[in-house]
>>> print(open('upload-v3.cif').read())   # mmCIF, C-alpha atoms
data_run
loop_
_atom_site.group_PDB
_atom_site.id
_atom_site.type_symbol
_atom_site.label_atom_id
_atom_site.label_comp_id
_atom_site.auth_asym_id
_atom_site.auth_seq_id
_atom_site.Cartn_x
_atom_site.Cartn_y
_atom_site.Cartn_z
ATOM 1 C CA MET A 467 -3.829 32.812 -4.592
ATOM 2 C CA LEU A 468 -3.591 29.068 -3.964
ATOM 3 C CA LEU A 469 -1.422 28.660 -7.021
ATOM 4 C CA SER A 470 1.021 31.350 -5.918
ATOM 5 C CA ILE A 471 1.356 29.650 -2.538
ATOM 6 C CA LEU A 472 2.031 26.334 -4.286
ATOM 7 C CA ILE A 473 4.675 27.905 -6.532
ATOM 8 C CA ARG A 474 6.367 29.395 -3.488
ATOM 9 C CA LEU A 475 6.181 25.998 -1.740
ATOM 10 C CA GLN A 476 7.774 24.037 -4.569
ATOM 11 C CA ASN A 477 10.612 26.553 -4.827
ATOM 12 C CA LEU A 478 11.650 26.331 -1.191
ATOM 13 C CA THR A 479 15.297 25.223 -1.282
ATOM 14 C CA TRP A 480 14.484 21.937 0.386
ATOM 15 C CA PHE A 481 11.819 20.948 -2.128
ATOM 16 C CA SER A 482 13.826 22.279 -5.076
ATOM 17 C CA ASN A 483 16.713 20.044 -4.081
ATOM 18 C CA PHE A 484 14.357 17.140 -3.529
ATOM 19 C CA ARG A 485 12.824 17.603 -6.984
ATOM 20 C CA SER A 486 16.184 17.349 -8.716
ATOM 21 C CA SER A 487 17.580 14.493 -6.609
ATOM 22 C CA ALA A 488 18.001 11.249 -8.521
ATOM 23 C CA TYR A 489 17.790 8.949 -5.504
ATOM 24 C CA VAL A 490 15.984 10.676 -2.629
ATOM 25 C CA TYR A 491 12.778 11.045 -4.649
ATOM 26 C CA PRO A 492 12.384 7.294 -5.369
ATOM 27 C CA VAL A 493 13.292 6.445 -1.758
ATOM 28 C CA VAL A 494 10.448 8.636 -0.471
ATOM 29 C CA LEU A 495 8.125 7.145 -3.093
ATOM 30 C CA ALA A 496 9.046 3.614 -1.950
ATOM 31 C CA LEU A 497 8.490 4.622 1.700
ATOM 32 C CA HIS A 498 5.098 6.035 0.693
ATOM 33 C CA LEU A 499 4.172 2.673 -0.861
ATOM 34 C CA THR A 500 5.554 0.653 2.057
ATOM 35 C CA ALA A 501 3.481 2.698 4.502
ATOM 36 C CA ILE A 502 0.440 2.228 2.238
ATOM 37 C CA SER A 503 0.962 -1.553 2.250
ATOM 38 C CA TRP A 504 1.501 -1.928 5.984
ATOM 39 C CA PHE A 505 -1.256 0.358 7.118
ATOM 40 C CA GLY A 506 -3.642 -0.122 4.220
ATOM 41 C CA ALA A 507 -3.911 -3.720 5.412
ATOM 42 C CA MET A 508 -5.110 -2.415 8.771
ATOM 43 C CA ILE A 509 -7.911 -0.496 7.058
ATOM 44 C CA LEU A 510 -8.686 -3.599 5.021
ATOM 45 C CA ALA A 511 -8.651 -5.885 8.068
ATOM 46 C CA THR A 512 -11.125 -3.549 9.790
ATOM 47 C CA ASP A 513 -13.393 -3.418 6.742
ATOM 48 C CA LEU A 514 -13.246 -7.198 6.245
ATOM 49 C CA ARG A 515 -14.292 -7.679 9.848
ATOM 50 C CA LEU A 516 -17.125 -5.153 9.497
ATOM 51 C CA LEU A 517 -18.329 -7.036 6.428
ATOM 52 C CA GLY A 518 -18.153 -10.305 8.369
ATOM 53 C CA TRP A 519 -15.540 -11.800 6.023
ATOM 54 C CA ALA A 520 -12.632 -12.231 8.426
ATOM 55 C CA LEU A 521 -11.877 -12.705 12.118
ATOM 56 C CA PRO A 522 -15.406 -13.920 12.974
ATOM 57 C CA ASP A 523 -14.309 -14.836 16.514
ATOM 58 C CA THR A 524 -13.124 -11.324 17.312
ATOM 59 C CA SER A 525 -15.640 -8.543 17.892
ATOM 60 C CA ALA A 526 -15.542 -5.698 15.365
ATOM 61 C CA ALA A 527 -15.146 -3.221 18.223
ATOM 62 C CA GLU A 528 -11.996 -5.057 19.307
ATOM 63 C CA VAL A 529 -10.573 -4.990 15.771
ATOM 64 C CA ILE A 530 -11.246 -1.248 15.479
ATOM 65 C CA ARG A 531 -9.736 -0.525 18.888
ATOM 66 C CA ARG A 532 -6.599 -2.619 18.367
ATOM 67 C CA LEU A 533 -5.789 -1.168 14.967
ATOM 68 C CA ARG A 534 -6.634 2.471 15.693
ATOM 69 C CA THR A 535 -3.148 3.576 16.759
ATOM 70 C CA GLY A 536 -1.400 1.650 13.990
ATOM 71 C CA LYS A 537 -3.690 3.165 11.381
ATOM 72 C CA ARG A 538 -3.050 6.675 12.669
ATOM 73 C CA ILE A 539 0.728 6.199 12.646
ATOM 74 C CA GLY A 540 0.552 4.661 9.172
ATOM 75 C CA PHE A 541 -1.591 7.421 7.784
ATOM 76 C CA VAL A 542 0.745 10.091 9.143
ATOM 77 C CA ILE A 543 3.811 8.395 7.581
ATOM 78 C CA ALA A 544 2.113 7.842 4.209
ATOM 79 C CA ALA A 545 0.684 11.372 4.226
ATOM 80 C CA ALA A 546 4.023 12.932 5.196
ATOM 81 C CA CYS A 547 5.814 11.131 2.343
ATOM 82 C CA GLY A 548 2.930 12.033 0.046
ATOM 83 C CA PHE A 549 3.134 15.691 1.022
ATOM 84 C CA VAL A 550 6.851 15.810 0.214
ATOM 85 C CA LEU A 551 6.220 14.193 -3.188
ATOM 86 C CA PHE A 552 3.448 16.721 -3.823
ATOM 87 C CA ALA A 553 5.313 19.759 -2.545
ATOM 88 C CA ALA A 554 8.260 19.165 -4.878
ATOM 89 C CA LYS A 555 5.962 19.585 -7.877
ATOM 90 C CA ALA A 556 3.072 21.399 -6.263
ATOM 91 C CA GLU A 557 2.178 23.514 -9.304
ATOM 92 C CA GLU A 558 2.064 20.506 -11.620
ATOM 93 C CA TYR A 559 0.019 18.473 -9.122
ATOM 94 C CA TYR A 560 -2.462 21.322 -8.862
ATOM 95 C CA TYR A 561 -3.361 20.817 -12.535
ATOM 96 C CA ASN A 562 -3.234 16.998 -12.427
ATOM 97 C CA PRO A 563 -6.780 15.582 -12.772
ATOM 98 C CA PHE A 564 -5.910 12.378 -10.903
ATOM 99 C CA PHE A 565 -4.360 14.303 -8.029
ATOM 100 C CA ARG A 566 -7.585 16.304 -7.817
ATOM 101 C CA THR A 567 -9.583 13.055 -7.880
ATOM 102 C CA LYS A 568 -7.422 11.672 -5.100
ATOM 103 C CA MET A 569 -7.932 14.778 -2.939
ATOM 104 C CA LEU A 570 -11.676 14.627 -3.599
ATOM 105 C CA LEU A 571 -11.685 10.994 -2.451
ATOM 106 C CA PHE A 572 -9.845 12.037 0.720
ATOM 107 C CA ALA A 573 -12.654 14.515 1.318
ATOM 108 C CA PHE A 574 -15.110 11.628 0.890
ATOM 109 C CA VAL A 575 -13.113 9.616 3.441
ATOM 110 C CA ALA A 576 -13.394 12.527 5.887
ATOM 111 C CA ILE A 577 -17.148 12.808 5.305
ATOM 112 C CA HIS A 578 -17.439 9.024 5.647
ATOM 113 C CA ALA A 579 -15.700 9.226 9.027
ATOM 114 C CA LEU A 580 -18.045 11.983 10.204
ATOM 115 C CA VAL A 581 -21.155 10.167 8.990
ATOM 116 C CA PHE A 582 -20.321 6.715 10.331
ATOM 117 C CA ARG A 583 -18.333 7.614 13.413
ATOM 118 C CA LYS A 584 -21.294 7.722 15.731
ATOM 119 C CA GLY A 585 -23.233 4.767 14.352
ATOM 120 C CA VAL A 586 -20.353 2.414 13.559
ATOM 121 C CA TYR A 587 -16.763 3.185 14.556
ATOM 122 C CA ALA A 588 -17.368 4.678 17.995
ATOM 123 C CA ALA A 589 -20.294 2.422 18.897
ATOM 124 C CA PRO A 590 -18.797 -0.824 20.181
ATOM 125 C CA ALA A 591 -22.145 -2.004 21.517
ATOM 126 C CA GLY A 592 -23.776 -1.994 18.101
ATOM 127 C CA LEU A 593 -20.850 -3.946 16.713
ATOM 128 C CA ALA A 594 -20.623 -6.750 19.205
ATOM 129 C CA GLY A 595 -23.024 -8.896 17.173
ATOM 130 C CA GLY A 596 -22.213 -12.211 15.553
ATOM 131 C CA PRO A 597 -20.732 -13.031 12.161
ATOM 132 C CA ASP A 598 -23.432 -11.176 10.206
ATOM 133 C CA PRO A 599 -23.191 -7.445 10.971
ATOM 134 C CA PRO A 600 -26.037 -4.941 10.506
ATOM 135 C CA ARG A 601 -26.484 -3.335 7.111
ATOM 136 C CA ARG A 602 -25.229 0.141 7.994
ATOM 137 C CA VAL A 603 -22.016 -1.453 9.287
ATOM 138 C CA LYS A 604 -21.522 -3.313 6.016
ATOM 139 C CA LEU A 605 -22.301 -0.144 4.066
ATOM 140 C CA ALA A 606 -19.653 1.764 6.019
ATOM 141 C CA ALA A 607 -17.076 -0.949 5.289
ATOM 142 C CA ALA A 608 -17.968 -1.237 1.594
ATOM 143 C CA LEU A 609 -17.758 2.543 1.080
ATOM 144 C CA SER A 610 -14.460 2.657 2.945
ATOM 145 C CA LEU A 611 -13.035 -0.036 0.659
ATOM 146 C CA LEU A 612 -14.338 1.752 -2.423
ATOM 147 C CA PHE A 613 -12.813 5.102 -1.435
ATOM 148 C CA TRP A 614 -9.437 3.669 -0.440
ATOM 149 C CA VAL A 615 -9.097 1.532 -3.573
ATOM 150 C CA GLY A 616 -10.068 4.642 -5.555
ATOM 151 C CA ILE A 617 -7.355 6.634 -3.772
ATOM 152 C CA LEU A 618 -4.824 3.888 -4.572
ATOM 153 C CA CYS A 619 -5.676 3.871 -8.298
ATOM 154 C CA ALA A 620 -5.933 7.660 -8.608
ATOM 155 C CA GLY A 621 -2.575 7.928 -6.859
ATOM 156 C CA ARG A 622 -0.965 5.572 -9.356
ATOM 157 C CA ALA A 623 -2.535 7.423 -12.272
ATOM 158 C CA ILE A 624 -1.023 10.781 -11.196
ATOM 159 C CA GLY A 625 2.292 9.732 -12.715
ATOM 160 C CA TYR A 626 0.772 9.012 -16.115
ATOM 161 C CA VAL A 627 -0.288 12.578 -16.866
ATOM 162 C CA ALA A 628 2.240 14.147 -19.217
ATOM 163 C CA GLY A 629 4.375 16.900 -17.672
ATOM 164 C CA ARG A 630 3.145 20.446 -18.278
ATOM 165 C CA ALA A 631 5.186 23.120 -19.957
ATOM 166 C CA GLY A 632 5.757 26.511 -18.370
ATOM 167 C CA MET A 633 5.944 25.421 -14.755
ATOM 168 C CA HIS A 634 7.630 27.954 -12.485
ATOM 169 C CA TYR A 635 10.405 25.727 -11.161
ATOM 170 C CA ARG A 636 13.497 27.388 -9.813
ATOM 171 C CA MET B 1148 7.589 -7.907 -34.780
ATOM 172 C CA LEU B 1149 5.560 -11.046 -35.502
ATOM 173 C CA ILE B 1150 2.896 -10.637 -32.848
ATOM 174 C CA GLU B 1151 2.158 -7.327 -31.158
ATOM 175 C CA ASN B 1152 1.545 -7.640 -27.411
ATOM 176 C CA PRO B 1153 -1.971 -6.204 -26.951
ATOM 177 C CA LEU B 1154 -0.859 -4.803 -23.586
ATOM 178 C CA SER B 1155 1.710 -2.640 -25.364
ATOM 179 C CA THR B 1156 -0.748 -1.264 -27.901
ATOM 180 C CA SER B 1157 -3.347 -0.068 -25.397
ATOM 181 C CA PRO B 1158 -2.296 3.070 -23.529
ATOM 182 C CA SER B 1159 -4.483 2.287 -20.507
ATOM 183 C CA ALA B 1160 -3.499 -1.373 -20.063
ATOM 184 C CA TYR B 1161 -0.227 -0.640 -18.288
ATOM 185 C CA PRO B 1162 -1.592 1.790 -15.659
ATOM 186 C CA VAL B 1163 -4.553 -0.522 -14.962
ATOM 187 C CA LEU B 1164 -2.183 -3.481 -14.510
ATOM 188 C CA GLU B 1165 -0.110 -1.365 -12.147
ATOM 189 C CA CYS B 1166 -3.200 -0.659 -10.020
ATOM 190 C CA PHE B 1167 -3.800 -4.411 -9.703
ATOM 191 C CA HIS B 1168 -0.114 -4.918 -8.969
ATOM 192 C CA ILE B 1169 -0.084 -2.297 -6.195
ATOM 193 C CA ALA B 1170 -3.418 -3.452 -4.706
ATOM 194 C CA GLY B 1171 -2.170 -7.058 -4.771
ATOM 195 C CA PHE B 1172 1.173 -6.451 -3.119
ATOM 196 C CA ALA B 1173 -0.301 -3.997 -0.620
ATOM 197 C CA LEU B 1174 -2.784 -6.710 0.367
ATOM 198 C CA ALA B 1175 -0.161 -9.465 0.657
ATOM 199 C CA ILE B 1176 2.622 -7.427 2.261
ATOM 200 C CA GLY B 1177 0.186 -5.643 4.579
ATOM 201 C CA MET B 1178 -1.433 -8.864 5.762
ATOM 202 C CA ILE B 1179 1.979 -10.439 6.406
ATOM 203 C CA ALA B 1180 2.923 -7.250 8.287
ATOM 204 C CA LEU B 1181 -0.155 -7.631 10.534
ATOM 205 C CA VAL B 1182 1.321 -10.954 11.710
ATOM 206 C CA ASP B 1183 4.771 -9.367 12.053
ATOM 207 C CA PHE B 1184 3.452 -6.448 14.107
ATOM 208 C CA ARG B 1185 1.671 -8.948 16.363
ATOM 209 C CA LEU B 1186 4.905 -10.946 16.750
ATOM 210 C CA LEU B 1187 6.597 -7.704 17.789
ATOM 211 C CA GLY B 1188 3.853 -7.023 20.326
ATOM 212 C CA PHE B 1189 1.587 -4.555 18.465
ATOM 213 C CA GLY B 1190 -1.963 -4.784 17.174
ATOM 214 C CA PHE B 1191 -4.281 -7.688 17.955
ATOM 215 C CA LEU B 1192 -2.929 -8.602 21.368
ATOM 216 C CA GLU B 1193 -5.901 -10.704 22.372
ATOM 217 C CA GLN B 1194 -5.351 -13.119 19.514
ATOM 218 C CA SER B 1195 -2.305 -15.334 19.214
ATOM 219 C CA PRO B 1196 -0.037 -14.628 16.221
ATOM 220 C CA ALA B 1197 -1.093 -18.035 14.870
ATOM 221 C CA GLN B 1198 -4.770 -17.019 14.919
ATOM 222 C CA ILE B 1199 -4.005 -13.847 12.973
ATOM 223 C CA GLU B 1200 -1.906 -15.769 10.483
ATOM 224 C CA ARG B 1201 -4.786 -18.206 9.948
ATOM 225 C CA ALA B 1202 -7.406 -15.441 9.682
ATOM 226 C CA PHE B 1203 -5.590 -13.667 6.840
ATOM 227 C CA ARG B 1204 -3.798 -16.604 5.195
ATOM 228 C CA TRP B 1205 -6.009 -16.700 2.109
ATOM 229 C CA TRP B 1206 -6.129 -12.928 1.733
ATOM 230 C CA THR B 1207 -2.334 -12.936 1.748
ATOM 231 C CA LEU B 1208 -2.181 -15.667 -0.876
ATOM 232 C CA GLY B 1209 -4.832 -13.899 -3.002
ATOM 233 C CA GLY B 1210 -2.834 -10.662 -2.885
ATOM 234 C CA LEU B 1211 0.368 -12.478 -3.754
ATOM 235 C CA ILE B 1212 -1.208 -14.240 -6.740
ATOM 236 C CA THR B 1213 -2.719 -10.957 -8.000
ATOM 237 C CA ALA B 1214 0.630 -9.183 -7.664
ATOM 238 C CA VAL B 1215 2.622 -11.970 -9.344
ATOM 239 C CA PHE B 1216 0.270 -12.390 -12.298
ATOM 240 C CA SER B 1217 -0.185 -8.650 -12.919
ATOM 241 C CA GLY B 1218 3.598 -8.444 -12.578
ATOM 242 C CA LEU B 1219 4.119 -11.111 -15.238
ATOM 243 C CA LEU B 1220 1.841 -9.162 -17.599
ATOM 244 C CA ILE B 1221 3.724 -5.928 -16.861
ATOM 245 C CA PHE B 1222 6.983 -7.807 -17.518
ATOM 246 C CA SER B 1223 5.614 -9.014 -20.872
ATOM 247 C CA THR B 1224 5.298 -5.425 -22.155
ATOM 248 C CA ASP B 1225 9.074 -4.921 -22.182
ATOM 249 C CA PRO B 1226 10.843 -8.181 -21.281
ATOM 250 C CA ASP B 1227 14.348 -7.348 -22.438
ATOM 251 C CA MET B 1228 14.374 -4.056 -20.527
ATOM 252 C CA TYR B 1229 13.360 -5.874 -17.339
ATOM 253 C CA TYR B 1230 15.715 -8.768 -17.993
ATOM 254 C CA LEU B 1231 18.637 -6.377 -18.240
ATOM 255 C CA ASN B 1232 17.557 -4.143 -15.366
ATOM 256 C CA ARG B 1233 19.731 -4.553 -12.251
ATOM 257 C CA SER B 1234 17.011 -3.395 -9.893
ATOM 258 C CA PHE B 1235 14.545 -5.849 -11.431
ATOM 259 C CA LEU B 1236 16.975 -8.745 -11.011
ATOM 260 C CA LEU B 1237 17.579 -7.720 -7.396
ATOM 261 C CA LYS B 1238 13.831 -7.443 -6.830
ATOM 262 C CA MET B 1239 13.223 -10.947 -8.223
ATOM 263 C CA THR B 1240 15.984 -12.382 -6.033
ATOM 264 C CA LEU B 1241 14.511 -10.661 -2.965
ATOM 265 C CA LEU B 1242 11.006 -11.783 -3.924
ATOM 266 C CA VAL B 1243 12.044 -15.450 -4.172
ATOM 267 C CA ILE B 1244 13.797 -15.171 -0.800
ATOM 268 C CA ALA B 1245 10.789 -13.378 0.735
ATOM 269 C CA ILE B 1246 8.238 -15.926 -0.511
ATOM 270 C CA THR B 1247 10.415 -18.868 0.561
ATOM 271 C CA PHE B 1248 11.021 -17.236 3.940
ATOM 272 C CA ASN B 1249 7.314 -16.524 4.351
ATOM 273 C CA TYR B 1250 6.167 -20.078 3.706
ATOM 274 C CA THR B 1251 8.948 -21.793 5.682
ATOM 275 C CA ILE B 1252 10.587 -20.010 8.626
ATOM 276 C CA HIS B 1253 7.990 -17.238 8.979
ATOM 277 C CA ARG B 1254 5.127 -19.699 8.993
ATOM 278 C CA GLN B 1255 6.611 -21.505 12.006
ATOM 279 C CA SER B 1256 7.089 -18.362 14.074
ATOM 280 C CA PRO B 1257 3.433 -17.674 15.074
ATOM 281 C CA SER B 1258 3.214 -21.061 16.797
ATOM 282 C CA GLY B 1259 4.949 -19.702 19.896
ATOM 283 C CA LYS B 1260 7.536 -22.472 20.056
ATOM 284 C CA LEU B 1261 10.456 -20.154 19.392
ATOM 285 C CA SER B 1262 12.264 -17.899 21.856
ATOM 286 C CA LYS B 1263 11.196 -14.259 22.125
ATOM 287 C CA THR B 1264 14.392 -13.031 20.509
ATOM 288 C CA SER B 1265 14.218 -15.303 17.490
ATOM 289 C CA THR B 1266 10.513 -14.528 17.019
ATOM 290 C CA ARG B 1267 11.294 -10.805 16.953
ATOM 291 C CA LEU B 1268 14.216 -11.325 14.590
ATOM 292 C CA ILE B 1269 11.987 -13.276 12.214
ATOM 293 C CA ALA B 1270 9.288 -10.589 12.318
ATOM 294 C CA GLY B 1271 11.822 -7.818 11.710
ATOM 295 C CA ALA B 1272 13.453 -9.763 8.877
ATOM 296 C CA SER B 1273 10.056 -10.323 7.273
ATOM 297 C CA LEU B 1274 9.117 -6.622 7.415
ATOM 298 C CA LEU B 1275 12.494 -5.581 5.976
ATOM 299 C CA LEU B 1276 12.519 -8.263 3.303
ATOM 300 C CA TRP B 1277 9.095 -7.324 1.918
ATOM 301 C CA ALA B 1278 9.839 -3.587 2.108
ATOM 302 C CA SER B 1279 13.037 -4.204 0.143
ATOM 303 C CA VAL B 1280 10.986 -5.880 -2.604
ATOM 304 C CA ILE B 1281 8.944 -2.638 -2.907
ATOM 305 C CA PHE B 1282 12.152 -0.584 -3.033
ATOM 306 C CA GLY B 1283 13.536 -2.892 -5.729
ATOM 307 C CA GLY B 1284 10.371 -2.338 -7.759
ATOM 308 C CA ILE B 1285 10.467 1.463 -7.489
ATOM 309 C CA PHE B 1286 14.141 1.564 -8.477
ATOM 310 C CA ILE B 1287 13.490 -0.305 -11.746
ATOM 311 C CA ALA B 1288 12.491 3.063 -13.217
ATOM 312 C CA VAL B 1289 15.535 4.763 -11.685
ATOM 313 C CA VAL B 1290 18.198 2.449 -13.100
ATOM 314 C CA ALA B 1291 16.472 1.983 -16.490
ATOM 315 C CA PRO B 1292 17.418 1.449 -19.310
ATOM 316 C CA GLY B 1293 19.343 -1.368 -17.653
ATOM 317 C CA LEU B 1294 22.679 -2.876 -18.528
ATOM 318 C CA GLY B 1295 22.434 -2.574 -22.294
#
>>> encode(input="upload-v3.cif", output="structure tokens")
Amino acid sequence: MLLSILIRLQNLTWFSNFRSSAYVYPVVLALHLTAISWFGAMILATDLRLLGWALPDTSAAEVIRRLRTGKRIGFVIAAACGFVLFAAKAEEYYYNPFFRTKMLLFAFVAIHALVFRKGVYAAPAGLAGGPDPPRRVKLAAALSLLFWVGILCAGRAIGYVAGRAGMHYR
Amino acid sequence: MLIENPLSTSPSAYPVLECFHIAGFALAIGMIALVDFRLLGFGFLEQSPAQIERAFRWWTLGGLITAVFSGLLIFSTDPDMYYLNRSFLLKMTLLVIAITFNYTIHRQSPSGKLSKTSTRLIAGASLLLWASVIFGGIFIAVVAPGLG
């Protein structure tokens, strides 16, 4: 079921053309990485502040608030480029263990957001404290770093899995 | 071959190095971009650009060092391919310009002594310059096997 949808997706004219283009594919890949750099740093800056390792004079709530929009824009750009890269070879990605790892880590990020939203990210009062934040705040930041670095490495590893035979490319 | 490069004999060395390379440049380029976005009027508006530059200065340098050294190791796995690769040569040229720009002109801009227009031009140039280094890196694989 899922697989047949993916095969149909990758054979849409637009994605078929994209798959066989010599130059558009690397341009989208480079945009994906540029977005990751620019907006990954916003995630990192937030986490560093939550850990108490950077911007000690600025409240964590302020850091979270100021970077929220930028992070959302960045995530949408990186995810849009990522989706195009995926869609062009959707069937192959479906089998790729590192792609599956990456998607699993995204699920962890979503769970992380649900778990810590109330106690950390949407609770400016609890964050106003000095340079040494409470433990649950540090835990949230450390897990966030772990998941995002994992996503970065899994993403890179996707390209190292040998191509599969018998893919239904048209 | 007289001495085999251990990085070329291990199948996992190259991908692991690439992870360090990507994490390093994402850190450096992203931290520089935080200053650029502030110079353009986005992000941490309650801090001055100079404060942001100071806050992330060492993270930027750490990322840059990680990226350069992992890059040198990646280069060592196939030096003549890289040496002959047009995109690699372009990337190195852009990288030297970007680093020089970052530690000279760009470093002055957060001080607030420049006009609004020149500050914005510097921020825009910085964002474009570093993005072009990433593009140069991606296109190494596209233009391979180089000139030879």
>>> interface_residues(input="upload-v3.cif", of="chain A", to="chain B", cutoff="7 Å", atoms="all atoms listed in the file", output="count of residues only")
16
>>> residues_near_point(input="upload-v3.cif", point="(-8.4, 4.4, 7.3)", cutoff="12 Å", atoms="all atoms listed in the file", output="PyMOL selection string")
chain A and resi 502+504-513+530+533-542+544-545+572+574-576+578-579+587+606-607+609-615+617
>>> residues_near_point(input="upload-v3.cif", point="(14.2, -7.1, -13.1)", cutoff="10 Å", atoms="all atoms listed in the file", output="PyMOL selection string")
chain B and resi 1222+1226-1240+1283-1284+1286-1287+1291+1293
>>> resolve_selection(input="upload-v3.cif", expression="the PyMOL selection byres ((chain A and resi 569) around 12)", output="MDAnalysis selection string")
chainID A and resid 545 548:549 552 559:560 562:568 570:576 613:614 616:618 620:621 624
>>> resolve_selection(input="upload-v3.cif", expression="the PyMOL selection byres ((chain B and resi 1246) around 12)", output="list of chain:residue names")
B:Ala1175, B:Ile1176, B:Ile1179, B:Thr1207, B:Leu1208, B:Leu1211, B:Ile1212, B:Val1215, B:Lys1238, B:Met1239, B:Thr1240, B:Leu1241, B:Leu1242, B:Val1243, B:Ile1244, B:Ala1245, B:Thr1247, B:Phe1248, B:Asn1249, B:Tyr1250, B:Thr1251, B:Ile1252, B:His1253, B:Arg1254, B:Ser1273, B:Leu1276, B:Trp1277, B:Val1280
>>> atom_distance(input="upload-v3.cif", atom1="CA of His1168 in chain B", atom2="CA of Ala1214 in chain B")
4.5 Å
>>> atom_distance(input="upload-v3.cif", atom1="CA of Gly1271 in chain B", atom2="CA of Pro1196 in chain B")
14.4 Å
>>> resolve_selection(input="upload-v3.cif", expression="the PyMOL selection byres ((chain A and resi 517) around 8)", output="list in words")
Asp513, Leu514, Arg515, Leu516, Gly518, Trp519, Ala520, Asp598, Pro599, Val603, Lys604, Ala607 and Ala608 of chain A
>>> atom_distance(input="upload-v3.cif", atom1="CA of Leu1154 in chain B", atom2="CA of Gly629 in chain A")
23.1 Å
>>> axis_aligned_box(input="upload-v3.cif", around="range 1244-1253 of chain B", padding_each_side="5 Å", output="lines of an AutoDock Vina configuration file")
center_x = 10.0
center_y = -17.6
center_z = 4.1
size_x = 17.6
size_y = 18.4
size_z = 19.8
